[in-house]
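Structure below is work.pdb: PDB, C-alpha atoms and all ligand atoms.
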ATOM      1  CA  MET O 847      21.265 -29.625   4.633  1.00  0.00           C
ATOM      2  CA  ASN O 848      20.260 -26.525   6.584  1.00  0.00           C
ATOM      3  CA  SER O 849      19.339 -23.122   5.192  1.00  0.00           C
ATOM      4  CA  THR O 850      22.744 -21.616   6.060  1.00  0.00           C
ATOM      5  CA  THR O 851      24.418 -24.215   3.840  1.00  0.00           C
ATOM      6  CA  LEU O 852      22.013 -23.419   1.001  1.00  0.00           C
ATOM      7  CA  LYS O 853      22.572 -19.673   1.439  1.00  0.00           C
ATOM      8  CA  ARG O 854      26.295 -20.289   1.307  1.00  0.00           C
ATOM      9  CA  GLN O 855      25.989 -22.342  -1.886  1.00  0.00           C
ATOM     10  CA  ALA O 856      23.845 -19.687  -3.589  1.00  0.00           C
ATOM     11  CA  GLY O 857      26.048 -16.768  -2.478  1.00  0.00           C
ATOM     12  CA  GLU O 858      29.301 -18.442  -3.480  1.00  0.00           C
ATOM     13  CA  TYR O 859      27.895 -19.539  -6.833  1.00  0.00           C
ATOM     14  CA  ALA O 860      26.738 -15.978  -7.590  1.00  0.00           C
ATOM     15  CA  ALA O 861      30.191 -14.632  -6.679  1.00  0.00           C
ATOM     16  CA  GLY O 862      31.467 -16.623  -9.657  1.00  0.00           C
ATOM     17  CA  PHE O 863      29.795 -14.112 -11.997  1.00  0.00           C
ATOM     18  CA  VAL O 864      32.215 -11.361 -10.953  1.00  0.00           C
ATOM     19  CA  GLU O 865      34.998 -10.727 -13.469  1.00  0.00           C
ATOM     20  CA  SER O 866      38.269  -8.802 -13.268  1.00  0.00           C
ATOM     21  CA  GLY O 867      37.951  -5.069 -13.850  1.00  0.00           C
ATOM     22  CA  MET O 868      34.393  -4.864 -12.532  1.00  0.00           C
ATOM     23  CA  THR O 869      32.793  -2.431 -10.138  1.00  0.00           C
ATOM     24  CA  VAL O 870      30.805  -4.665  -7.795  1.00  0.00           C
ATOM     25  CA  GLY O 871      27.826  -3.904  -5.567  1.00  0.00           C
ATOM     26  CA  LEU O 872      27.947  -5.842  -2.316  1.00  0.00           C
ATOM     27  CA  GLY O 873      24.553  -6.828  -0.924  1.00  0.00           C
ATOM     28  CA  SER O 874      23.552  -7.202   2.707  1.00  0.00           C
ATOM     29  CA  GLY O 875      22.416 -10.113   4.841  1.00  0.00           C
ATOM     30  CA  SER O 876      23.356 -13.653   5.674  1.00  0.00           C
ATOM     31  CA  THR O 877      23.385 -14.861   2.024  1.00  0.00           C
ATOM     32  CA  ALA O 878      25.127 -11.856   0.473  1.00  0.00           C
ATOM     33  CA  ILE O 879      27.959 -12.115   3.020  1.00  0.00           C
ATOM     34  CA  PHE O 880      28.926 -15.496   1.527  1.00  0.00           C
ATOM     35  CA  ALA O 881      29.233 -13.839  -1.881  1.00  0.00           C
ATOM     36  CA  THR O 882      31.286 -11.011  -0.376  1.00  0.00           C
ATOM     37  CA  ARG O 883      33.620 -13.480   1.344  1.00  0.00           C
ATOM     38  CA  ARG O 884      34.073 -15.477  -1.854  1.00  0.00           C
ATOM     39  CA  ILE O 885      34.826 -12.302  -3.831  1.00  0.00           C
ATOM     40  CA  ALA O 886      37.482 -11.426  -1.228  1.00  0.00           C
ATOM     41  CA  GLN O 887      38.981 -14.928  -1.535  1.00  0.00           C
ATOM     42  CA  ARG O 888      39.121 -14.592  -5.322  1.00  0.00           C
ATOM     43  CA  ILE O 889      40.809 -11.177  -5.028  1.00  0.00           C
ATOM     44  CA  HIS O 890      43.402 -12.459  -2.555  1.00  0.00           C
ATOM     45  CA  SER O 891      44.147 -15.568  -4.631  1.00  0.00           C
ATOM     46  CA  GLY O 892      44.790 -13.366  -7.681  1.00  0.00           C
ATOM     47  CA  ALA O 893      41.852 -14.842  -9.621  1.00  0.00           C
ATOM     48  CA  LEU O 894      40.160 -11.420  -9.641  1.00  0.00           C
ATOM     49  CA  THR O 895      42.103  -8.250 -10.331  1.00  0.00           C
ATOM     50  CA  ASP O 896      41.201  -4.580 -10.609  1.00  0.00           C
ATOM     51  CA  ILE O 897      38.003  -4.893  -8.545  1.00  0.00           C
ATOM     52  CA  VAL O 898      36.362  -2.056  -6.648  1.00  0.00           C
ATOM     53  CA  ALA O 899      33.202  -2.522  -4.599  1.00  0.00           C
ATOM     54  CA  ILE O 900      30.330  -0.465  -3.247  1.00  0.00           C
ATOM     55  CA  PRO O 901      28.712  -1.828  -0.076  1.00  0.00           C
ATOM     56  CA  SER O 902      24.942  -1.569   0.402  1.00  0.00           C
ATOM     57  CA  SER O 903      24.967  -1.131   4.186  1.00  0.00           C
ATOM     58  CA  LEU O 904      27.239  -0.067   7.011  1.00  0.00           C
ATOM     59  CA  ALA O 905      27.451  -3.714   8.124  1.00  0.00           C
ATOM     60  CA  THR O 906      28.583  -4.814   4.658  1.00  0.00           C
ATOM     61  CA  GLU O 907      31.028  -1.919   4.511  1.00  0.00           C
ATOM     62  CA  ALA O 908      32.603  -3.052   7.798  1.00  0.00           C
ATOM     63  CA  ALA O 909      32.797  -6.669   6.579  1.00  0.00           C
ATOM     64  CA  ALA O 910      34.299  -5.671   3.223  1.00  0.00           C
ATOM     65  CA  LYS O 911      36.952  -3.523   4.940  1.00  0.00           C
ATOM     66  CA  GLU O 912      37.835  -6.410   7.236  1.00  0.00           C
ATOM     67  CA  LEU O 913      38.080  -8.727   4.221  1.00  0.00           C
ATOM     68  CA  GLY O 914      40.383  -6.302   2.421  1.00  0.00           C
ATOM     69  CA  ILE O 915      38.079  -5.606  -0.547  1.00  0.00           C
ATOM     70  CA  PRO O 916      38.951  -2.253  -2.200  1.00  0.00           C
ATOM     71  CA  LEU O 917      35.975   0.061  -1.775  1.00  0.00           C
ATOM     72  CA  THR O 918      34.708   2.961  -3.833  1.00  0.00           C
ATOM     73  CA  THR O 919      31.638   5.210  -3.938  1.00  0.00           C
ATOM     74  CA  LEU O 920      28.836   5.960  -6.375  1.00  0.00           C
ATOM     75  CA  ALA O 921      30.398   9.403  -6.808  1.00  0.00           C
ATOM     76  CA  GLU O 922      33.583   7.797  -8.147  1.00  0.00           C
ATOM     77  CA  HIS O 923      31.872   4.902  -9.934  1.00  0.00           C
ATOM     78  CA  PRO O 924      28.274   5.834 -10.784  1.00  0.00           C
ATOM     79  CA  ARG O 925      27.817   2.690 -12.873  1.00  0.00           C
ATOM     80  CA  ILE O 926      28.085  -0.689 -11.138  1.00  0.00           C
ATOM     81  CA  ASP O 927      28.722  -3.724 -13.356  1.00  0.00           C
ATOM     82  CA  ILE O 928      27.210  -6.353 -11.098  1.00  0.00           C
ATOM     83  CA  THR O 929      25.579  -6.493  -7.679  1.00  0.00           C
ATOM     84  CA  ILE O 930      25.015  -9.669  -5.714  1.00  0.00           C
ATOM     85  CA  ASP O 931      22.373  -9.489  -3.021  1.00  0.00           C
ATOM     86  CA  GLY O 932      19.877 -11.674  -1.180  1.00  0.00           C
ATOM     87  CA  ALA O 933      16.090 -11.418  -0.881  1.00  0.00           C
ATOM     88  CA  ASP O 934      13.314 -12.435   1.468  1.00  0.00           C
ATOM     89  CA  GLU O 935      10.845 -13.431  -1.253  1.00  0.00           C
ATOM     90  CA  VAL O 936      11.154 -13.895  -5.034  1.00  0.00           C
ATOM     91  CA  ASP O 937       8.024 -14.253  -7.192  1.00  0.00           C
ATOM     92  CA  PRO O 938       7.808 -15.992 -10.602  1.00  0.00           C
ATOM     93  CA  ASP O 939       8.415 -12.634 -12.376  1.00  0.00           C
ATOM     94  CA  PHE O 940      11.506 -12.076 -10.177  1.00  0.00           C
ATOM     95  CA  ASN O 941       9.873  -9.258  -8.244  1.00  0.00           C
ATOM     96  CA  LEU O 942      11.254  -9.235  -4.729  1.00  0.00           C
ATOM     97  CA  ILE O 943      10.629  -8.412  -1.125  1.00  0.00           C
ATOM     98  CA  LYS O 944      13.846  -7.253   0.501  1.00  0.00           C
ATOM     99  CA  GLY O 945      14.729  -5.459   3.709  1.00  0.00           C
ATOM    100  CA  GLY O 946      14.765  -8.263   6.255  1.00  0.00           C
ATOM    101  CA  GLY O 947      17.961  -6.635   7.498  1.00  0.00           C
ATOM    102  CA  GLY O 948      16.536  -3.138   7.113  1.00  0.00           C
ATOM    103  CA  ALA O 949      19.071  -2.207   4.417  1.00  0.00           C
ATOM    104  CA  HIS O 950      16.637  -1.967   1.473  1.00  0.00           C
ATOM    105  CA  LEU O 951      17.065   1.776   0.868  1.00  0.00           C
ATOM    106  CA  ARG O 952      20.804   1.547   0.171  1.00  0.00           C
ATOM    107  CA  GLU O 953      20.294  -1.828  -1.498  1.00  0.00           C
ATOM    108  CA  LYS O 954      17.801  -0.276  -3.920  1.00  0.00           C
ATOM    109  CA  ILE O 955      20.128   2.648  -4.674  1.00  0.00           C
ATOM    110  CA  VAL O 956      22.952   0.195  -5.413  1.00  0.00           C
ATOM    111  CA  ALA O 957      20.629  -2.071  -7.455  1.00  0.00           C
ATOM    112  CA  GLN O 958      19.355   0.853  -9.548  1.00  0.00           C
ATOM    113  CA  ALA O 959      22.940   1.821 -10.385  1.00  0.00           C
ATOM    114  CA  SER O 960      23.748  -1.751 -11.467  1.00  0.00           C
ATOM    115  CA  GLU O 961      23.860  -3.190 -14.967  1.00  0.00           C
ATOM    116  CA  ARG O 962      23.116  -6.597 -13.502  1.00  0.00           C
ATOM    117  CA  LEU O 963      21.518  -7.508 -10.167  1.00  0.00           C
ATOM    118  CA  VAL O 964      22.015 -11.142  -9.199  1.00  0.00           C
ATOM    119  CA  ILE O 965      19.798 -12.366  -6.373  1.00  0.00           C
ATOM    120  CA  ALA O 966      21.066 -15.347  -4.380  1.00  0.00           C
ATOM    121  CA  VAL O 967      18.603 -17.241  -2.195  1.00  0.00           C
ATOM    122  CA  ASP O 968      17.861 -20.603  -0.678  1.00  0.00           C
ATOM    123  CA  ASP O 969      14.880 -21.948  -2.571  1.00  0.00           C
ATOM    124  CA  SER O 970      12.468 -21.510   0.363  1.00  0.00           C
ATOM    125  CA  LYS O 971      12.397 -17.836  -0.720  1.00  0.00           C
ATOM    126  CA  LEU O 972      10.705 -18.658  -4.049  1.00  0.00           C
ATOM    127  CA  VAL O 973       6.990 -17.888  -3.701  1.00  0.00           C
ATOM    128  CA  ASP O 974       3.974 -17.772  -6.015  1.00  0.00           C
ATOM    129  CA  GLN O 975       2.940 -14.343  -4.752  1.00  0.00           C
ATOM    130  CA  LEU O 976       4.847 -11.683  -2.802  1.00  0.00           C
ATOM    131  CA  GLY O 977       3.580 -11.215   0.740  1.00  0.00           C
ATOM    132  CA  THR O 978       2.866 -14.917   1.169  1.00  0.00           C
ATOM    133  CA  SER O 979       5.221 -15.358   4.099  1.00  0.00           C
ATOM    134  CA  TRP O 980       6.946 -12.004   4.519  1.00  0.00           C
ATOM    135  CA  ALA O 981       5.826  -8.499   5.435  1.00  0.00           C
ATOM    136  CA  VAL O 982       6.948  -5.530   3.337  1.00  0.00           C
ATOM    137  CA  PRO O 983       9.558  -3.507   5.252  1.00  0.00           C
ATOM    138  CA  VAL O 984       8.710   0.182   4.987  1.00  0.00           C
ATOM    139  CA  GLU O 985      11.375   2.691   6.047  1.00  0.00           C
ATOM    140  CA  VAL O 986       9.782   5.815   7.548  1.00  0.00           C
ATOM    141  CA  ILE O 987      11.288   8.935   9.039  1.00  0.00           C
ATOM    142  CA  PRO O 988      10.796   9.124  12.818  1.00  0.00           C
ATOM    143  CA  PHE O 989       8.766  12.360  12.580  1.00  0.00           C
ATOM    144  CA  GLY O 990       5.094  11.415  12.430  1.00  0.00           C
ATOM    145  CA  TRP O 991       5.770   7.718  11.873  1.00  0.00           C
ATOM    146  CA  GLU O 992       2.465   6.843  13.538  1.00  0.00           C
ATOM    147  CA  SER O 993       0.603   8.497  10.667  1.00  0.00           C
ATOM    148  CA  GLN O 994       2.471   6.267   8.187  1.00  0.00           C
ATOM    149  CA  ALA O 995       1.440   3.245  10.280  1.00  0.00           C
ATOM    150  CA  ALA O 996      -2.190   4.416  10.053  1.00  0.00           C
ATOM    151  CA  TYR O 997      -1.789   4.941   6.290  1.00  0.00           C
ATOM    152  CA  LEU O 998      -0.463   1.401   5.834  1.00  0.00           C
ATOM    153  CA  GLN O 999      -3.408   0.136   7.865  1.00  0.00           C
ATOM    154  CA  SER O1000      -5.772   2.055   5.576  1.00  0.00           C
ATOM    155  CA  LEU O1001      -4.193   0.150   2.649  1.00  0.00           C
ATOM    156  CA  GLY O1002      -5.102  -3.149   4.321  1.00  0.00           C
ATOM    157  CA  ALA O1003      -1.781  -3.944   5.997  1.00  0.00           C
ATOM    158  CA  ASN O1004      -1.016  -4.886   9.547  1.00  0.00           C
ATOM    159  CA  PRO O1005       2.067  -2.732  10.275  1.00  0.00           C
ATOM    160  CA  MET O1006       4.429  -3.494  13.159  1.00  0.00           C
ATOM    161  CA  LEU O1007       7.190  -1.176  14.313  1.00  0.00           C
ATOM    162  CA  ARG O1008      10.412  -3.194  14.035  1.00  0.00           C
ATOM    163  CA  ILE O1009      12.050  -3.659  17.424  1.00  0.00           C
ATOM    164  CA  ASP O1010      15.660  -4.653  17.987  1.00  0.00           C
ATOM    165  CA  GLY O1011      16.993  -5.475  21.449  1.00  0.00           C
ATOM    166  CA  GLY O1012      13.980  -3.854  23.131  1.00  0.00           C
ATOM    167  CA  ALA O1013      14.257  -0.535  21.259  1.00  0.00           C
ATOM    168  CA  PRO O1014      12.986   0.620  17.865  1.00  0.00           C
ATOM    169  CA  PHE O1015      15.281  -0.633  15.100  1.00  0.00           C
ATOM    170  CA  SER O1016      17.234   2.246  13.566  1.00  0.00           C
ATOM    171  CA  THR O1017      18.310   2.058   9.912  1.00  0.00           C
ATOM    172  CA  ASP O1018      21.689   3.193   8.573  1.00  0.00           C
ATOM    173  CA  GLN O1019      19.950   6.526   7.906  1.00  0.00           C
ATOM    174  CA  GLY O1020      18.536   6.771  11.464  1.00  0.00           C
ATOM    175  CA  ASN O1021      14.993   5.984  10.314  1.00  0.00           C
ATOM    176  CA  LEU O1022      12.414   3.464  11.567  1.00  0.00           C
ATOM    177  CA  ILE O1023      11.014   0.350   9.908  1.00  0.00           C
ATOM    178  CA  LEU O1024       7.350  -0.603   9.792  1.00  0.00           C
ATOM    179  CA  ASP O1025       6.962  -4.243   8.754  1.00  0.00           C
ATOM    180  CA  ALA O1026       3.689  -4.104   6.829  1.00  0.00           C
ATOM    181  CA  ASP O1027       1.968  -7.467   6.513  1.00  0.00           C
ATOM    182  CA  PHE O1028      -0.375  -7.210   3.511  1.00  0.00           C
ATOM    183  CA  GLY O1029      -0.856 -10.948   3.093  1.00  0.00           C
ATOM    184  CA  PRO O1030      -0.472 -12.158  -0.522  1.00  0.00           C
ATOM    185  CA  ILE O1031      -0.151  -9.024  -2.694  1.00  0.00           C
ATOM    186  CA  ALA O1032      -2.309  -9.119  -5.844  1.00  0.00           C
ATOM    187  CA  ASP O1033      -0.566  -6.209  -7.615  1.00  0.00           C
ATOM    188  CA  ALA O1034       2.916  -5.543  -6.223  1.00  0.00           C
ATOM    189  CA  ALA O1035       3.730  -2.963  -8.938  1.00  0.00           C
ATOM    190  CA  ALA O1036       0.668  -0.883  -8.000  1.00  0.00           C
ATOM    191  CA  LEU O1037       1.547  -1.121  -4.300  1.00  0.00           C
ATOM    192  CA  ASP O1038       5.097  -0.001  -5.130  1.00  0.00           C
ATOM    193  CA  GLN O1039       3.705   3.201  -6.690  1.00  0.00           C
ATOM    194  CA  THR O1040       1.212   3.783  -3.875  1.00  0.00           C
ATOM    195  CA  LEU O1041       3.882   3.526  -1.193  1.00  0.00           C
ATOM    196  CA  LYS O1042       6.259   5.780  -3.170  1.00  0.00           C
ATOM    197  CA  SER O1043       3.748   8.599  -3.252  1.00  0.00           C
ATOM    198  CA  ARG O1044       3.400   8.966   0.525  1.00  0.00           C
ATOM    199  CA  ALA O1045       5.437  11.639   2.333  1.00  0.00           C
ATOM    200  CA  GLY O1046       7.268  10.192   5.319  1.00  0.00           C
ATOM    201  CA  ILE O1047       7.857   6.857   3.599  1.00  0.00           C
ATOM    202  CA  VAL O1048      11.503   6.956   2.558  1.00  0.00           C
ATOM    203  CA  GLU O1049      11.599   3.586   0.782  1.00  0.00           C
ATOM    204  CA  HIS O1050      10.014   0.175   0.907  1.00  0.00           C
ATOM    205  CA  GLY O1051      11.204  -3.379   0.284  1.00  0.00           C
ATOM    206  CA  LEU O1052       9.334  -4.151  -2.949  1.00  0.00           C
ATOM    207  CA  PHE O1053      11.862  -4.469  -5.793  1.00  0.00           C
ATOM    208  CA  ILE O1054       9.837  -4.563  -8.994  1.00  0.00           C
ATOM    209  CA  GLY O1055      11.444  -5.540 -12.301  1.00  0.00           C
ATOM    210  CA  MET O1056      14.975  -4.995 -11.047  1.00  0.00           C
ATOM    211  CA  THR O1057      16.526  -8.408 -11.604  1.00  0.00           C
ATOM    212  CA  ARG O1058      16.694 -10.985 -14.384  1.00  0.00           C
ATOM    213  CA  ASP O1059      19.051 -13.329 -12.545  1.00  0.00           C
ATOM    214  CA  VAL O1060      18.249 -15.520  -9.555  1.00  0.00           C
ATOM    215  CA  VAL O1061      20.502 -18.179  -8.086  1.00  0.00           C
ATOM    216  CA  ALA O1062      18.429 -20.529  -5.924  1.00  0.00           C
ATOM    217  CA  ALA O1063      20.026 -23.317  -3.893  1.00  0.00           C
ATOM    218  CA  GLY O1064      17.916 -26.248  -2.775  1.00  0.00           C
ATOM    219  CA  LEU O1065      18.257 -29.876  -1.757  1.00  0.00           C
ATOM    220  CA  ASP O1066      18.348 -30.857  -5.432  1.00  0.00           C
ATOM    221  CA  GLY O1067      21.210 -28.495  -6.243  1.00  0.00           C
ATOM    222  CA  ILE O1068      21.740 -24.955  -7.480  1.00  0.00           C
ATOM    223  CA  GLN O1069      19.536 -23.435 -10.183  1.00  0.00           C
ATOM    224  CA  HIS O1070      20.510 -20.326 -12.141  1.00  0.00           C
ATOM    225  CA  LEU O1071      17.128 -18.901 -13.184  1.00  0.00           C
ATOM    226  CA  ARG O1072      17.037 -16.222 -15.888  1.00  0.00           C
ATOM    227  CA  ARG O1073      14.302 -14.159 -17.452  1.00  0.00           C
TER     228      ARG O1073
HETATM  229  C1  LIG O1101      18.623  -6.938   3.898  1.00  0.00           C
HETATM  230  C2  LIG O1101      18.082  -7.746   2.782  1.00  0.00           C
HETATM  231  C3  LIG O1101      18.559  -9.143   2.667  1.00  0.00           C
HETATM  232  O1  LIG O1101      19.176  -9.324   1.436  1.00  0.00           O
HETATM  233  C4  LIG O1101      17.359 -10.052   2.808  1.00  0.00           C
HETATM  234  O2  LIG O1101      16.699  -9.755   4.029  1.00  0.00           O
HETATM  235  C5  LIG O1101      17.780 -11.524   2.797  1.00  0.00           C
HETATM  236  O3  LIG O1101      18.541 -11.764   3.928  1.00  0.00           O
HETATM  237  P1  LIG O1101      19.198 -13.173   4.244  1.00  0.00           P
HETATM  238  O4  LIG O1101      20.116 -13.490   3.118  1.00  0.00           O
HETATM  239  O5  LIG O1101      19.899 -12.963   5.550  1.00  0.00           O
HETATM  240  O6  LIG O1101      18.080 -14.181   4.360  1.00  0.00           O
HETATM  241  O7  LIG O1101      17.278  -7.320   1.979  1.00  0.00           O
HETATM  242  O8  LIG O1101      17.994  -5.687   3.954  1.00  0.00           O
END
Step by step, read the file and then write its structure as structure tokens.
Ligand code: 5RP
Amino acid sequence: MNSTTLKRQAGEYAAGFVESGMTVGLGSGSTAIFATRRIAQRIHSGALTDIVAIPSSLATEAAAKELGIPLTTLAEHPRIDITIDGADEVDPDFNLIKGGGGAHLREKIVAQASERLVIAVDDSKLVDQLGTSWAVPVEVIPFGWESQAAYLQSLGANPMLRIDGGAPFSTDQGNLILDADFGPIADAAALDQTLKSRAGIVEHGLFIGMTRDVVAAGLDGIQHLRR
């Protein structure tokens, strides 16, 4: 079974938590899209009624429109009942690294507005310590980005400007991403605060204490982990 199959299993399983009448946050990435597609199927089959959704990226918004999912905004629905999203790493306390797709700013806004954030992953994403196999994506404004790269270096990271198709990757907000490889992170909550306090850093991919629900698909089946 390849990782796409596992992502599909986890995403579709998590979509089963959505109930009629809910406002739903739609995550971004190759796992979350399976949840989004399954939610659309359930709407079109009549199994789910009275659903409105808030996408966490322009790519997810385009997919949701194509799938015919009714969309809303945080202005109209400031409280989201459930959001289903993916992650790049999940630690034993369910702290996360996200932002592999560069959508972590909107994803964090949507997650913070959510009563329940369900993270769907293939079980290769479960790690003992954040930073083990993934860098922390740091969204920076283009002005003076080099000084944020130097700052990340001063914190012990090896930051790389994210490149896409030969040019700097541009986020949905028109910002840049520095992928900051810290190696295994001893205190992710402290790093979260340190990164937040730096001007020029718009947001970073550490999601601390934001989820109590992880759906992990592996060769032995699907686990619904709760804290
Ligand atoms: C995008 C994200 C994704 O949820 C994360 O990168 C996981 O992606 P995938 O499901 O494609 O492995 O945070 O910004």
Nearby residues, ligand LIG 1101 (chain O), 9 Å, all atoms listed in the file, as JSON, numbers by chain: {"O": [850, 853, 857, 873, 874, 875, 876, 877, 878, 879, 902, 903, 931, 932, 933, 934, 935, 943, 944, 945, 946, 947, 948, 949, 950, 951, 952, 953, 965, 966, 967, 968, 971, 983, 1051]}
Using the chain letters and numbers from the file, give me the residues hit by the PyMOL selection byres (((chain O and resi 958) around 12) and not hetatm), as a ChimeraX atom specification. /O:871,902,920,924-929,950-957,959-963,1053-1057
Kindly save the residues from that selection, with C-alpha atoms included, as a short mmCIF file (atom, residue, chain, number, x, y, z; two decimals), keeping the file's coordinate frame.
data_model
loop_
_atom_site.label_atom_id
_atom_site.label_comp_id
_atom_site.auth_asym_id
_atom_site.auth_seq_id
_atom_site.Cartn_x
_atom_site.Cartn_y
_atom_site.Cartn_z
CA GLY O 871 27.83 -3.90 -5.57
CA SER O 902 24.94 -1.57 0.40
CA LEU O 920 28.84 5.96 -6.38
CA PRO O 924 28.27 5.83 -10.78
CA ARG O 925 27.82 2.69 -12.87
CA ILE O 926 28.08 -0.69 -11.14
CA ASP O 927 28.72 -3.72 -13.36
CA ILE O 928 27.21 -6.35 -11.10
CA THR O 929 25.58 -6.49 -7.68
CA HIS O 950 16.64 -1.97 1.47
CA LEU O 951 17.07 1.78 0.87
CA ARG O 952 20.80 1.55 0.17
CA GLU O 953 20.29 -1.83 -1.50
CA LYS O 954 17.80 -0.28 -3.92
CA ILE O 955 20.13 2.65 -4.67
CA VAL O 956 22.95 0.20 -5.41
CA ALA O 957 20.63 -2.07 -7.46
CA ALA O 959 22.94 1.82 -10.38
CA SER O 960 23.75 -1.75 -11.47
CA GLU O 961 23.86 -3.19 -14.97
CA ARG O 962 23.12 -6.60 -13.50
CA LEU O 963 21.52 -7.51 -10.17
CA PHE O 1053 11.86 -4.47 -5.79
CA ILE O 1054 9.84 -4.56 -8.99
CA GLY O 1055 11.44 -5.54 -12.30
CA MET O 1056 14.98 -5.00 -11.05
CA THR O 1057 16.53 -8.41 -11.60
#
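Counting from atom CA of Ile1023 of chain O, the distance to atom CA of Leu872 of chain O is 21.8 Å.
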Can you list, as an MDAnalysis selection string, the residues that the PyMOL selection byres (((chain O and resi 886) around 12) and not hetatm) selects here? chainID O and resid 858 861:862 864 870 872 879:885 887:895 897:899 909:917
How would the residues just chosen look if you wrote them out with C-alpha atoms as an mmCIF file, in the coordinates of the input?
data_model
loop_
_atom_site.group_PDB
_atom_site.id
_atom_site.type_symbol
_atom_site.label_atom_id
_atom_site.label_comp_id
_atom_site.auth_asym_id
_atom_site.auth_seq_id
_atom_site.Cartn_x
_atom_site.Cartn_y
_atom_site.Cartn_z
ATOM 1 C CA GLU O 858 29.301 -18.442 -3.480
ATOM 2 C CA ALA O 861 30.191 -14.632 -6.679
ATOM 3 C CA GLY O 862 31.467 -16.623 -9.657
ATOM 4 C CA VAL O 864 32.215 -11.361 -10.953
ATOM 5 C CA VAL O 870 30.805 -4.665 -7.795
ATOM 6 C CA LEU O 872 27.947 -5.842 -2.316
ATOM 7 C CA ILE O 879 27.959 -12.115 3.020
ATOM 8 C CA PHE O 880 28.926 -15.496 1.527
ATOM 9 C CA ALA O 881 29.233 -13.839 -1.881
ATOM 10 C CA THR O 882 31.286 -11.011 -0.376
ATOM 11 C CA ARG O 883 33.620 -13.480 1.344
ATOM 12 C CA ARG O 884 34.073 -15.477 -1.854
ATOM 13 C CA ILE O 885 34.826 -12.302 -3.831
ATOM 14 C CA GLN O 887 38.981 -14.928 -1.535
ATOM 15 C CA ARG O 888 39.121 -14.592 -5.322
ATOM 16 C CA ILE O 889 40.809 -11.177 -5.028
ATOM 17 C CA HIS O 890 43.402 -12.459 -2.555
ATOM 18 C CA SER O 891 44.147 -15.568 -4.631
ATOM 19 C CA GLY O 892 44.790 -13.366 -7.681
ATOM 20 C CA ALA O 893 41.852 -14.842 -9.621
ATOM 21 C CA LEU O 894 40.160 -11.420 -9.641
ATOM 22 C CA THR O 895 42.103 -8.250 -10.331
ATOM 23 C CA ILE O 897 38.003 -4.893 -8.545
ATOM 24 C CA VAL O 898 36.362 -2.056 -6.648
ATOM 25 C CA ALA O 899 33.202 -2.522 -4.599
ATOM 26 C CA ALA O 909 32.797 -6.669 6.579
ATOM 27 C CA ALA O 910 34.299 -5.671 3.223
ATOM 28 C CA LYS O 911 36.952 -3.523 4.940
ATOM 29 C CA GLU O 912 37.835 -6.410 7.236
ATOM 30 C CA LEU O 913 38.080 -8.727 4.221
ATOM 31 C CA GLY O 914 40.383 -6.302 2.421
ATOM 32 C CA ILE O 915 38.079 -5.606 -0.547
ATOM 33 C CA PRO O 916 38.951 -2.253 -2.200
ATOM 34 C CA LEU O 917 35.975 0.061 -1.775
#
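The residue that comes closest to Asp974 of chain O, out of O:Gly1067, O:Pro901, O:Gly1020, O:Pro938 and on the basis of all atoms listed in the file, is O:Pro938.
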Between O:Ile1068, O:Ala1035, O:Val936, O:Met847, which residue has the minimum interatomic distance to Ser979 of chain O, considering only C-alpha atoms? O:Val936
Picked residues, the PyMOL selection byres (((chain O and resi 985-990) around 12) and not hetatm), expected as a PyMOL selection string: chain O and resi 944-952+982-984+991-998+1005-1008+1014-1026+1041-1042+1044-1052
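We find atom CA of Ile930 of chain O and atom CA of Leu1037 of chain O to be spaced 25.0 Å apart.
You will find atom CA of Ala905 of chain O at 24.6 Å from atom CA of Asp969 of chain O.
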May I have the residues at most 8 Å from (16.3, -16.6, -16.7) in the file's coordinates, counting all atoms listed in the file, as a list in words? Arg1058, Asp1059, Val1060, His1070, Leu1071, Arg1072 and Arg1073 of chain O
Could you write out that same residue set with C-alpha atoms as a compact mmCIF listing (two decimals), keeping the file's coordinate frame?
# COMPACT_ATOMS: atom_id res chain seq x y z
CA ARG O 1058 16.69 -10.98 -14.38
CA ASP O 1059 19.05 -13.33 -12.54
CA VAL O 1060 18.25 -15.52 -9.56
CA HIS O 1070 20.51 -20.33 -12.14
CA LEU O 1071 17.13 -18.90 -13.18
CA ARG O 1072 17.04 -16.22 -15.89
CA ARG O 1073 14.30 -14.16 -17.45
